[in-house]
>>> print(open('upload-v2.txt').read())   # compact mmCIF, C-alpha atoms and all ligand atoms
# COMPACT_ATOMS: atom_id res chain seq x y z
CA MET C 1215 -1.97 -19.31 -6.67
CA LYS C 1216 -5.38 -19.19 -5.04
CA ILE C 1217 -5.60 -16.02 -2.94
CA LEU C 1218 -8.29 -15.06 -0.47
CA VAL C 1219 -8.38 -11.41 0.65
CA ILE C 1220 -10.21 -10.78 3.92
CA THR C 1221 -11.61 -7.27 3.58
CA GLU C 1222 -12.57 -5.07 6.50
CA GLN C 1223 -15.72 -3.05 7.08
CA ARG C 1224 -17.06 -1.48 10.22
CA GLN C 1225 -20.70 -0.50 10.58
CA GLY C 1226 -21.10 -0.81 6.81
CA LYS C 1227 -18.12 1.43 5.96
CA TRP C 1228 -15.03 0.09 4.23
CA ASN C 1229 -11.58 0.29 5.67
CA ASN C 1230 -9.76 1.49 2.53
CA THR C 1231 -6.69 -0.60 3.23
CA SER C 1232 -8.90 -3.48 2.06
CA PHE C 1233 -8.68 -2.13 -1.50
CA GLU C 1234 -4.92 -1.68 -1.24
CA THR C 1235 -4.69 -5.34 -0.19
CA LEU C 1236 -6.79 -6.34 -3.19
CA VAL C 1237 -4.30 -4.49 -5.41
CA ALA C 1238 -1.48 -6.44 -3.71
CA ALA C 1239 -3.38 -9.67 -4.46
CA GLN C 1240 -3.89 -8.69 -8.11
CA GLN C 1241 -0.18 -7.92 -8.43
CA ILE C 1242 0.79 -11.26 -6.85
CA VAL C 1243 -1.48 -13.08 -9.29
CA ALA C 1244 0.03 -11.08 -12.18
CA ALA C 1245 3.54 -12.10 -11.04
CA THR C 1246 2.61 -15.75 -10.49
CA SER C 1247 -0.76 -17.01 -11.68
CA GLY C 1248 -4.08 -17.96 -10.16
CA ALA C 1249 -7.14 -16.10 -8.97
CA VAL C 1250 -8.21 -13.68 -6.26
CA SER C 1251 -11.32 -14.13 -4.12
CA ALA C 1252 -12.45 -11.61 -1.54
CA ALA C 1253 -14.43 -12.18 1.63
CA VAL C 1254 -16.74 -9.64 3.27
CA ILE C 1255 -17.54 -10.49 6.87
CA GLY C 1256 -20.24 -9.08 9.15
CA ASN C 1257 -24.02 -8.97 9.22
CA GLY C 1258 -26.19 -7.14 6.70
CA VAL C 1259 -23.20 -6.49 4.44
CA ALA C 1260 -24.62 -7.83 1.15
CA THR C 1261 -24.47 -4.36 -0.43
CA LEU C 1262 -20.76 -4.15 0.29
CA ALA C 1263 -20.28 -7.61 -1.25
CA GLU C 1264 -22.10 -6.45 -4.40
CA GLU C 1265 -19.86 -3.38 -4.56
CA LEU C 1266 -16.78 -5.56 -4.22
CA ALA C 1267 -18.02 -7.83 -7.02
CA SER C 1268 -17.52 -4.98 -9.49
CA LYS C 1269 -13.76 -5.14 -8.80
CA ASN C 1270 -11.39 -7.52 -10.53
CA VAL C 1271 -11.97 -10.60 -8.33
CA ALA C 1272 -12.96 -14.11 -9.34
CA GLU C 1273 -15.52 -14.44 -6.54
CA VAL C 1274 -16.85 -12.58 -3.52
CA LEU C 1275 -17.62 -14.61 -0.41
CA LEU C 1276 -20.32 -13.17 1.78
CA VAL C 1277 -19.71 -14.30 5.36
CA GLU C 1278 -22.77 -13.24 7.35
CA HIS C 1279 -24.11 -14.24 10.75
CA ASP C 1280 -26.05 -12.52 13.53
CA LEU C 1281 -23.09 -13.07 15.83
CA LEU C 1282 -20.82 -11.22 13.39
CA GLU C 1283 -22.82 -7.98 13.66
CA SER C 1284 -20.05 -6.47 15.80
CA TYR C 1285 -16.43 -7.43 15.53
CA THR C 1286 -15.10 -9.88 18.11
CA PRO C 1287 -11.83 -11.77 17.78
CA ASP C 1288 -13.58 -15.05 18.67
CA GLY C 1289 -16.43 -14.56 16.18
CA TYR C 1290 -14.11 -13.61 13.32
CA GLY C 1291 -11.62 -16.34 14.24
CA VAL C 1292 -14.21 -19.14 14.33
CA ALA C 1293 -16.04 -17.98 11.18
CA LEU C 1294 -12.97 -17.35 9.03
CA LYS C 1295 -11.37 -20.66 10.06
CA GLN C 1296 -14.42 -22.41 8.57
CA VAL C 1297 -14.25 -20.27 5.41
CA ILE C 1298 -10.55 -21.00 4.90
CA GLU C 1299 -11.06 -24.73 5.49
CA ALA C 1300 -13.87 -24.76 2.90
CA VAL C 1301 -12.23 -22.53 0.25
CA LYS C 1302 -8.68 -23.85 0.73
CA PRO C 1303 -6.74 -20.78 -0.45
CA GLU C 1304 -2.95 -20.98 -0.62
CA LEU C 1305 -2.49 -17.39 0.43
CA VAL C 1306 -4.74 -15.42 2.81
CA LEU C 1307 -4.17 -11.66 2.70
CA PHE C 1308 -5.34 -9.04 5.19
CA PRO C 1309 -5.06 -5.25 5.43
CA HIS C 1310 -2.80 -4.58 8.42
CA THR C 1311 -5.39 -2.80 10.55
CA TYR C 1312 -5.78 -2.70 14.32
CA GLN C 1313 -8.58 -5.25 14.01
CA VAL C 1314 -6.48 -7.61 11.88
CA ARG C 1315 -3.63 -7.38 14.38
CA ASP C 1316 -6.14 -8.49 16.98
CA PHE C 1317 -7.56 -11.61 15.33
CA ALA C 1318 -5.42 -12.71 12.38
CA PRO C 1319 -2.46 -14.24 14.29
CA LYS C 1320 -4.96 -16.21 16.39
CA LEU C 1321 -6.75 -17.35 13.22
CA ALA C 1322 -3.47 -18.46 11.63
CA ALA C 1323 -2.47 -20.27 14.83
CA SER C 1324 -5.86 -22.02 15.00
CA LEU C 1325 -4.92 -23.61 11.65
CA GLY C 1326 -1.41 -24.43 12.88
CA LYS C 1327 0.18 -21.75 10.69
CA GLY C 1328 2.35 -18.69 11.18
CA MET C 1329 1.76 -15.23 9.79
CA ILE C 1330 3.96 -12.59 8.19
CA GLY C 1331 2.49 -9.30 9.36
CA ASP C 1332 2.92 -5.67 8.31
CA CYS C 1333 4.49 -6.29 4.88
CA VAL C 1334 5.21 -3.45 2.45
CA GLY C 1335 5.92 -5.47 -0.68
CA PHE C 1336 6.60 -8.85 -2.24
CA ARG C 1337 8.74 -10.54 -4.90
CA SER C 1338 8.30 -13.77 -6.75
CA GLU C 1339 11.66 -15.57 -6.81
CA GLY C 1340 11.90 -18.90 -8.60
CA GLY C 1341 8.24 -19.61 -7.95
CA LYS C 1342 8.53 -18.73 -4.27
CA LEU C 1343 6.94 -15.63 -2.76
CA VAL C 1344 9.20 -13.41 -0.70
CA PHE C 1345 7.58 -10.73 1.47
CA VAL C 1346 9.27 -7.51 2.53
CA ARG C 1347 8.88 -6.05 6.02
CA GLN C 1348 10.39 -2.84 7.28
CA MET C 1349 12.53 -2.94 10.39
CA PHE C 1350 14.00 -0.30 12.68
CA GLN C 1351 11.51 2.37 11.57
CA GLY C 1352 12.13 1.85 7.89
CA LYS C 1353 15.92 2.02 8.08
CA THR C 1354 16.23 -1.52 6.82
CA ALA C 1355 13.99 -4.10 5.18
CA ALA C 1356 13.80 -7.83 5.81
CA ASP C 1357 12.92 -10.48 3.22
CA VAL C 1358 10.69 -13.12 4.76
CA THR C 1359 9.33 -16.30 3.24
CA PHE C 1360 7.19 -19.21 4.38
CA THR C 1361 8.31 -22.70 5.15
CA GLY C 1362 5.76 -25.49 5.33
CA ALA C 1363 2.52 -26.08 3.56
CA ALA C 1364 -0.20 -23.55 2.66
CA PRO C 1365 -2.31 -21.73 3.65
CA TRP C 1366 0.05 -18.83 4.28
CA PHE C 1367 -1.10 -15.71 6.09
CA VAL C 1368 0.16 -12.22 5.25
CA SER C 1369 -0.95 -8.69 6.11
CA PHE C 1370 0.02 -5.57 4.15
CA GLN C 1371 0.73 -2.22 5.74
CA SER C 1372 -1.56 0.67 4.96
CA GLY C 1373 -0.13 2.73 2.09
CA ALA C 1374 2.04 -0.10 0.74
CA PHE C 1375 -0.13 -0.48 -2.39
CA ARG C 1376 -2.21 2.07 -4.27
CA ALA C 1377 -5.96 1.50 -3.96
CA ASP C 1378 -6.59 3.59 -7.09
CA LEU C 1379 -4.89 0.86 -9.15
CA LEU C 1380 -7.66 -1.59 -8.28
CA ALA C 1381 -8.97 -2.83 -11.61
CA ALA C 1382 -12.65 -3.20 -12.38
CA HIS C 1383 -14.07 -6.63 -13.12
CA PRO C 1384 -13.46 -7.35 -16.82
CA GLY C 1385 -16.90 -8.91 -17.26
CA GLY C 1386 -18.78 -6.36 -15.16
CA LYS C 1387 -19.43 -8.42 -12.02
CA ALA C 1388 -17.99 -11.38 -10.16
CA PRO C 1389 -20.34 -13.89 -8.52
CA VAL C 1390 -21.24 -13.26 -4.88
CA ASN C 1391 -21.53 -16.54 -2.97
CA ALA C 1392 -22.71 -16.95 0.60
CA ALA C 1393 -20.22 -18.80 2.79
CA LYS C 1394 -22.12 -20.69 5.47
CA VAL C 1395 -20.61 -20.53 8.93
CA ALA C 1396 -21.74 -22.13 12.18
CA LEU C 1397 -21.35 -19.93 15.24
CA ASN C 1398 -22.71 -20.25 18.79
CA ALA C 1399 -23.04 -17.49 21.35
CA GLY C 1400 -20.80 -19.62 23.58
CA ASP C 1401 -17.93 -19.26 21.05
CA ILE C 1402 -17.71 -15.56 21.79
CA ARG C 1403 -16.08 -14.65 25.07
CA THR C 1404 -16.09 -10.87 24.78
CA LYS C 1405 -18.86 -8.29 24.62
CA PRO C 1406 -18.23 -5.28 22.37
CA LEU C 1407 -19.08 -1.95 23.98
CA GLU C 1408 -19.55 1.37 22.23
CA LEU C 1409 -17.18 2.11 19.35
CA PHE C 1410 -14.46 4.67 19.94
CA LYS C 1411 -15.09 7.68 17.71
CA GLU C 1412 -12.23 9.86 16.56
CA ALA C 1413 -12.65 13.61 16.96
CA LYS C 1414 -13.73 15.41 13.79
CA SER C 1415 -11.07 17.52 12.09
CA ALA C 1416 -11.40 21.27 12.61
CA VAL C 1417 -8.58 22.16 10.21
CA ASP C 1418 -8.82 21.19 6.56
CA LEU C 1419 -5.23 20.82 5.42
CA THR C 1420 -6.35 19.32 2.13
CA GLN C 1421 -7.00 22.83 0.81
CA ALA C 1422 -3.68 24.34 2.00
CA PRO C 1423 -1.40 25.34 -0.89
CA LEU C 1424 1.74 25.38 1.29
CA ILE C 1425 2.52 23.06 4.20
CA VAL C 1426 5.43 22.99 6.64
CA ALA C 1427 5.43 19.59 8.34
CA ILE C 1428 7.50 18.61 11.33
CA GLY C 1429 8.57 15.19 12.53
CA ARG C 1430 10.31 13.69 15.50
CA GLY C 1431 13.47 15.56 14.44
CA ILE C 1432 11.94 18.62 16.15
CA LYS C 1433 12.85 16.86 19.40
CA ALA C 1434 10.82 18.91 21.92
CA PRO C 1435 7.54 20.85 21.94
CA GLU C 1436 9.32 24.11 22.77
CA ASN C 1437 11.12 23.89 19.39
CA ILE C 1438 7.87 23.92 17.41
CA ALA C 1439 7.83 27.74 17.59
CA GLN C 1440 10.78 27.76 15.15
CA ALA C 1441 8.80 25.73 12.60
CA GLU C 1442 5.74 27.91 13.16
CA ALA C 1443 7.83 31.02 12.50
CA LEU C 1444 9.02 29.48 9.24
CA ALA C 1445 5.44 28.51 8.31
CA LYS C 1446 4.29 32.06 9.05
CA ALA C 1447 7.06 33.61 6.94
CA LEU C 1448 6.05 31.30 4.09
CA GLY C 1449 2.31 31.75 4.58
CA ALA C 1450 2.00 28.00 5.12
CA GLU C 1451 -0.05 25.75 7.39
CA ILE C 1452 1.78 23.71 10.00
CA ALA C 1453 1.39 19.93 9.95
CA ALA C 1454 3.14 16.94 11.49
CA SER C 1455 3.94 13.28 11.45
CA ARG C 1456 2.01 11.03 13.79
CA PRO C 1457 4.43 10.87 16.75
CA ILE C 1458 4.16 14.66 17.14
CA CYS C 1459 0.36 14.45 17.37
CA ASP C 1460 0.48 11.31 19.52
CA GLU C 1461 2.61 13.24 21.99
CA GLY C 1462 0.00 16.01 21.97
CA TRP C 1463 2.56 18.55 20.74
CA LEU C 1464 0.19 19.48 17.89
CA PRO C 1465 -3.52 18.62 17.61
CA MET C 1466 -4.51 15.39 15.84
CA GLU C 1467 -6.08 17.31 12.97
CA ARG C 1468 -2.58 18.42 11.94
CA GLN C 1469 -1.45 14.83 11.34
CA ILE C 1470 -0.57 13.81 7.80
CA GLY C 1471 -0.63 10.19 6.71
CA SER C 1472 -2.63 7.02 6.53
CA SER C 1473 -4.33 7.69 9.85
CA GLY C 1474 -4.33 11.46 9.37
CA GLN C 1475 -5.09 13.77 6.46
CA THR C 1476 -4.09 13.23 2.83
CA VAL C 1477 -2.79 16.41 1.27
CA ALA C 1478 -1.54 17.57 -2.12
CA PRO C 1479 -0.21 21.12 -1.68
CA LYS C 1480 1.97 23.00 -4.14
CA LEU C 1481 4.82 22.78 -1.61
CA TYR C 1482 5.37 20.30 1.21
CA LEU C 1483 8.35 21.10 3.37
CA ALA C 1484 9.20 18.06 5.52
CA LEU C 1485 11.40 18.90 8.50
CA GLY C 1486 12.95 16.02 10.45
CA ILE C 1487 10.51 13.45 9.06
CA SER C 1488 11.97 10.05 8.18
CA GLY C 1489 9.48 9.19 5.41
CA ALA C 1490 7.72 6.14 6.85
CA ILE C 1491 5.26 4.68 4.40
CA GLN C 1492 2.23 5.70 6.53
CA HIS C 1493 3.38 9.32 6.39
CA VAL C 1494 4.34 9.29 2.72
CA VAL C 1495 0.96 7.95 1.65
CA GLY C 1496 -0.60 11.16 2.97
CA MET C 1497 1.67 13.63 1.14
CA LYS C 1498 3.27 11.95 -1.87
CA GLY C 1499 0.78 13.71 -4.16
CA SER C 1500 2.31 17.11 -3.26
CA ARG C 1501 3.50 18.99 -6.32
CA THR C 1502 6.92 19.82 -4.86
CA ILE C 1503 8.41 18.06 -1.86
CA VAL C 1504 11.37 19.57 -0.03
CA ALA C 1505 12.89 17.46 2.74
CA VAL C 1506 15.38 18.44 5.42
CA ASN C 1507 16.91 15.55 7.32
CA LYS C 1508 20.31 15.00 8.87
CA ASP C 1509 20.34 11.37 7.76
CA GLN C 1510 21.22 11.18 4.06
CA ASN C 1511 19.69 7.70 3.90
CA ALA C 1512 16.29 8.77 5.27
CA PRO C 1513 13.55 7.28 3.04
CA ILE C 1514 11.92 10.74 2.64
CA PHE C 1515 14.70 11.62 0.16
CA GLU C 1516 13.41 8.91 -2.20
CA ILE C 1517 10.29 10.96 -2.90
CA ALA C 1518 11.69 14.48 -2.34
CA ASP C 1519 12.14 16.81 -5.32
CA TYR C 1520 14.71 18.77 -3.33
CA GLY C 1521 16.63 17.44 -0.37
CA ILE C 1522 18.81 19.14 2.21
CA VAL C 1523 21.00 16.83 4.28
CA GLY C 1524 21.37 18.98 7.35
CA ASP C 1525 20.20 20.00 10.79
CA ILE C 1526 16.71 21.52 10.88
CA PHE C 1527 17.82 23.75 13.76
CA GLU C 1528 20.25 25.46 11.35
CA ILE C 1529 17.95 25.38 8.31
CA MET C 1530 14.71 26.61 9.96
CA PRO C 1531 15.99 29.99 11.24
CA ALA C 1532 18.08 30.58 8.10
CA LEU C 1533 15.10 29.92 5.82
CA THR C 1534 12.80 32.05 7.97
CA GLU C 1535 15.25 34.92 7.83
CA GLU C 1536 15.64 34.68 4.05
CA LEU C 1537 11.86 34.52 3.55
CA GLN C 1538 11.33 37.54 5.76
CA LYS C 1539 14.00 39.43 3.78
CA ALA C 1540 12.43 38.42 0.49
CA LYS C 1541 9.06 39.77 1.64
CA TRP C 1542 10.63 43.10 2.56
C1 LIG H 1601 -1.22 1.70 11.60
C2 LIG H 1601 -0.23 2.84 11.58
C3 LIG H 1601 -0.66 4.06 11.12
C4 LIG H 1601 0.22 5.14 11.10
N1 LIG H 1601 -0.21 6.33 10.63
C5 LIG H 1601 0.66 7.34 10.51
C6 LIG H 1601 0.25 8.60 9.95
O1 LIG H 1601 -0.92 8.82 9.61
N2 LIG H 1601 1.16 9.57 9.85
C7 LIG H 1601 2.49 9.41 10.22
O2 LIG H 1601 3.28 10.35 10.08
N3 LIG H 1601 2.90 8.25 10.76
C8 LIG H 1601 2.01 7.22 10.93
N4 LIG H 1601 2.43 6.07 11.48
C9 LIG H 1601 3.78 6.03 12.11
C10 LIG H 1601 4.89 5.81 11.11
O3 LIG H 1601 5.10 4.42 10.94
C11 LIG H 1601 6.22 6.42 11.64
O4 LIG H 1601 6.53 5.88 12.90
C12 LIG H 1601 6.17 7.94 11.73
O5 LIG H 1601 5.72 8.52 10.52
C13 LIG H 1601 7.57 8.45 12.03
O6 LIG H 1601 7.50 9.82 12.27
P1 LIG H 1601 8.79 10.73 12.08
O7 LIG H 1601 9.28 10.63 10.69
O8 LIG H 1601 8.44 12.08 12.61
O9 LIG H 1601 9.81 10.11 13.14
P2 LIG H 1601 11.12 9.25 12.94
O10 LIG H 1601 10.86 8.06 12.08
O11 LIG H 1601 11.70 9.03 14.29
O12 LIG H 1601 12.09 10.20 12.11
C14 LIG H 1601 12.68 11.37 12.60
C15 LIG H 1601 13.62 11.85 11.52
O13 LIG H 1601 14.18 13.09 11.93
C16 LIG H 1601 15.54 13.11 11.54
N5 LIG H 1601 16.20 14.08 12.42
C17 LIG H 1601 16.43 13.98 13.75
N6 LIG H 1601 17.01 15.09 14.22
C18 LIG H 1601 17.14 15.92 13.15
C19 LIG H 1601 17.67 17.23 12.98
N7 LIG H 1601 18.16 17.93 14.04
N8 LIG H 1601 17.69 17.77 11.77
C20 LIG H 1601 17.20 17.10 10.70
N9 LIG H 1601 16.68 15.85 10.78
C21 LIG H 1601 16.64 15.28 12.01
C22 LIG H 1601 16.03 11.70 11.70
O14 LIG H 1601 17.15 11.46 10.87
C23 LIG H 1601 14.79 10.91 11.26
O15 LIG H 1601 14.84 10.59 9.87
C24 LIG H 1601 1.57 4.98 11.53
C25 LIG H 1601 1.99 3.75 11.99
C26 LIG H 1601 1.11 2.68 12.01
C27 LIG H 1601 1.60 1.34 12.49
>>> encode(input="upload-v2.txt", output="structure tokens")
Amino acid sequence: MKILVITEQRQGKWNNTSFETLVAAQQIVAATSGAVSAAVIGNGVATLAEELASKNVAEVLLVEHDLLESYTPDGYGVALKQVIEAVKPELVLFPHTYQVRDFAPKLAASLGKGMIGDCVGFRSEGGKLVFVRQMFQGKTAADVTFTGAAPWFVSFQSGAFRADLLAAHPGGKAPVNAAKVALNAGDIRTKPLELFKEAKSAVDLTQAPLIVAIGRGIKAPENIAQAEALAKALGAEIAASRPICDEGWLPMERQIGSSGQTVAPKLYLALGISGAIQHVVGMKGSRTIVAVNKDQNAPIFEIADYGIVGDIFEIMPALTEELQKAKW
């Protein structure tokens, strides 16, 4: 199977989900056959293309144009349509980023194709690729496959594959080939303004040996004091899943996961956290994971070393009390 991975960079910096998607592509090729090419799109991104060429890919396509300096859905859509028509891949893979969500469905539609977005895995069944998507916040998974002719478009969720498994190029370097694209200013109907910059983290949770993390199971901001009391009794830092920080119940710098911090403490106590892949990717390296969740089927139990199926509002005060007694 001929696979083309569309990588993502912004202002010369990689979006790391690109490498995870390359690992997905390598695994698909290992399960089927074929070759993986990778495209780098932008302007002045030749250095990134050279860097990519040291990975295990058959070819790197350098898609450069003045009008691709800043991301626009029109610019990317028009340019990548030409690349796909020229290269004729069977499978086009994307990292499931905000940017990809913006342009990839439009790109697929411009070629008369559909797209399976936000996948977490794949299987090869009788020569046919089946993609797995989570539904209902990870409570169930759907198997999805393509009908109709290639090219097929798929995006993989951040954290679904491990970027550190990306193999180096066996011969040292893959060829980097320029992909010529024709773009006119009139093709682009939007004007990018200044990039949104995320606030810099003030708390470095990566160095914390003990972390007490809360999820949506905490239910209301006034209940966070109970988790903080437990964290204090343990001498731990408090952290959270994304919805807690999105709500503003804890500052963003306390967020663990693919769009937050990646931590590896000695102990990670997960309270009322379901274990969505984007959370797990930020804490699965913890030495010991203890999870408390009232749903025995919560995905967090798949990676927990110790699991308590129970109500955090019973467990938190009981644990705090025991810890305080033990410190006596
Ligand atoms: C691009 C992208 C990036 C993302 N990045 C991140 C990220 O960096 N970090 C992150 O965390 N998420 C991230 N997410 C969101 C992620 O997909 C999940 O939605 C999120 O992790 C869910 O948070 P949660 O586990 O707290 O909430 P839920 O999934 O709602 O889970 C709450 C859990 O609490 C349990 N519960 C409820 N009440 C109790 C109780 N009384 N006692 C015990 N258990 C209870 C429930 O059984 C449930 O399992 C991202 C999503 C996307 C699309």
>>> residues_around(input="upload-v2.txt", residues="Thr1534 in chain C", least_positions_apart="6", cutoff="9 Å", atoms="all atoms listed in the file", output="PyMOL selection string")
chain C and resi 1440-1441+1443-1448
>>> closest_residue(input="upload-v2.txt", among="C:Leu1419, C:Gly1431, C:Ser1500, C:Asn1511", to="Gly1474 in chain C", atoms="only C-alpha atoms")
C:Leu1419
>>> closest_residue(input="upload-v2.txt", among="C:Val1306, C:Ile1298, C:Leu1380, C:Val1334", to="ligand LIG 1601 (chain H)", atoms="only C-alpha atoms and all ligand atoms")
C:Val1334
>>> axis_aligned_box(input="upload-v2.txt", around="range 1510-1529 of chain C", padding_each_side="3 Å", output="lines of an AutoDock Vina configuration file")
center_x = 15.8
center_y = 16.4
center_z = 4.2
size_x = 17.1
size_y = 24.2
size_z = 25.1
>>> residues_near_ligand(input="upload-v2.txt", ligand="ligand LIG 1601 (chain H)", cutoff="6 Å", atoms="all atoms listed in the file", output="list in words")
Gln1351, Gly1429, Arg1430, Gly1431, Ser1455, Arg1456, Pro1457, Ile1470, Gly1471, Ser1472, Ser1473, Gly1474, Gly1486, Ile1487, Ser1488, Gly1489, Ala1490, Gln1492, His1493, Val1506, Asn1507, Lys1508, Asp1509, Ala1512, Gly1524, Asp1525, Ile1526 and Phe1527 of chain C
>>> closest_residue(input="upload-v2.txt", among="C:Tyr1285, C:Phe1345, C:Phe1375, C:Val1292", to="Asp1316 in chain C", atoms="only C-alpha atoms")
C:Tyr1285
>>> closest_atom_pairs(input="upload-v2.txt", of="range 1328-1409 of chain C", to="range 1217-1236 of chain C", cutoff="10 Å", atoms="only C-alpha atoms", output="CSV")
residue,atom,partner,partner_atom,distance
C:Pro1365,CA,C:Ile1217,CA,9.3
C:Trp1366,CA,C:Ile1217,CA,9.6
C:Phe1367,CA,C:Leu1218,CA,9.8
C:Val1368,CA,C:Val1219,CA,9.7
C:Ser1369,CA,C:Thr1235,CA,8.1
C:Phe1370,CA,C:Thr1235,CA,6.4
C:Gln1371,CA,C:Thr1231,CA,8.0
C:Ser1372,CA,C:Thr1231,CA,5.6
C:Gly1373,CA,C:Glu1234,CA,7.3
C:Ala1374,CA,C:Glu1234,CA,7.4
C:Phe1375,CA,C:Glu1234,CA,5.1
C:Arg1376,CA,C:Glu1234,CA,5.5
C:Ala1377,CA,C:Glu1234,CA,4.3
C:Asp1378,CA,C:Glu1234,CA,8.0
C:Leu1379,CA,C:Glu1234,CA,8.3
C:Leu1380,CA,C:Phe1233,CA,6.9
C:Ala1381,CA,C:Leu1236,CA,9.4
C:Leu1409,CA,C:Gln1225,CA,9.8
>>> residues_around(input="upload-v2.txt", residues="Val1243 in chain C", least_positions_apart="2", cutoff="12 Å", atoms="all atoms listed in the file", output="ChimeraX atom specification")
/C:1215-1218,1236-1241,1245-1251,1270-1272,1304-1305,1336-1338,1341,1343
>>> closest_residue(input="upload-v2.txt", among="C:Leu1537, C:Leu1281, C:Ala1253, C:Ala1518", to="Val1494 in chain C", atoms="all atoms listed in the file")
C:Ala1518
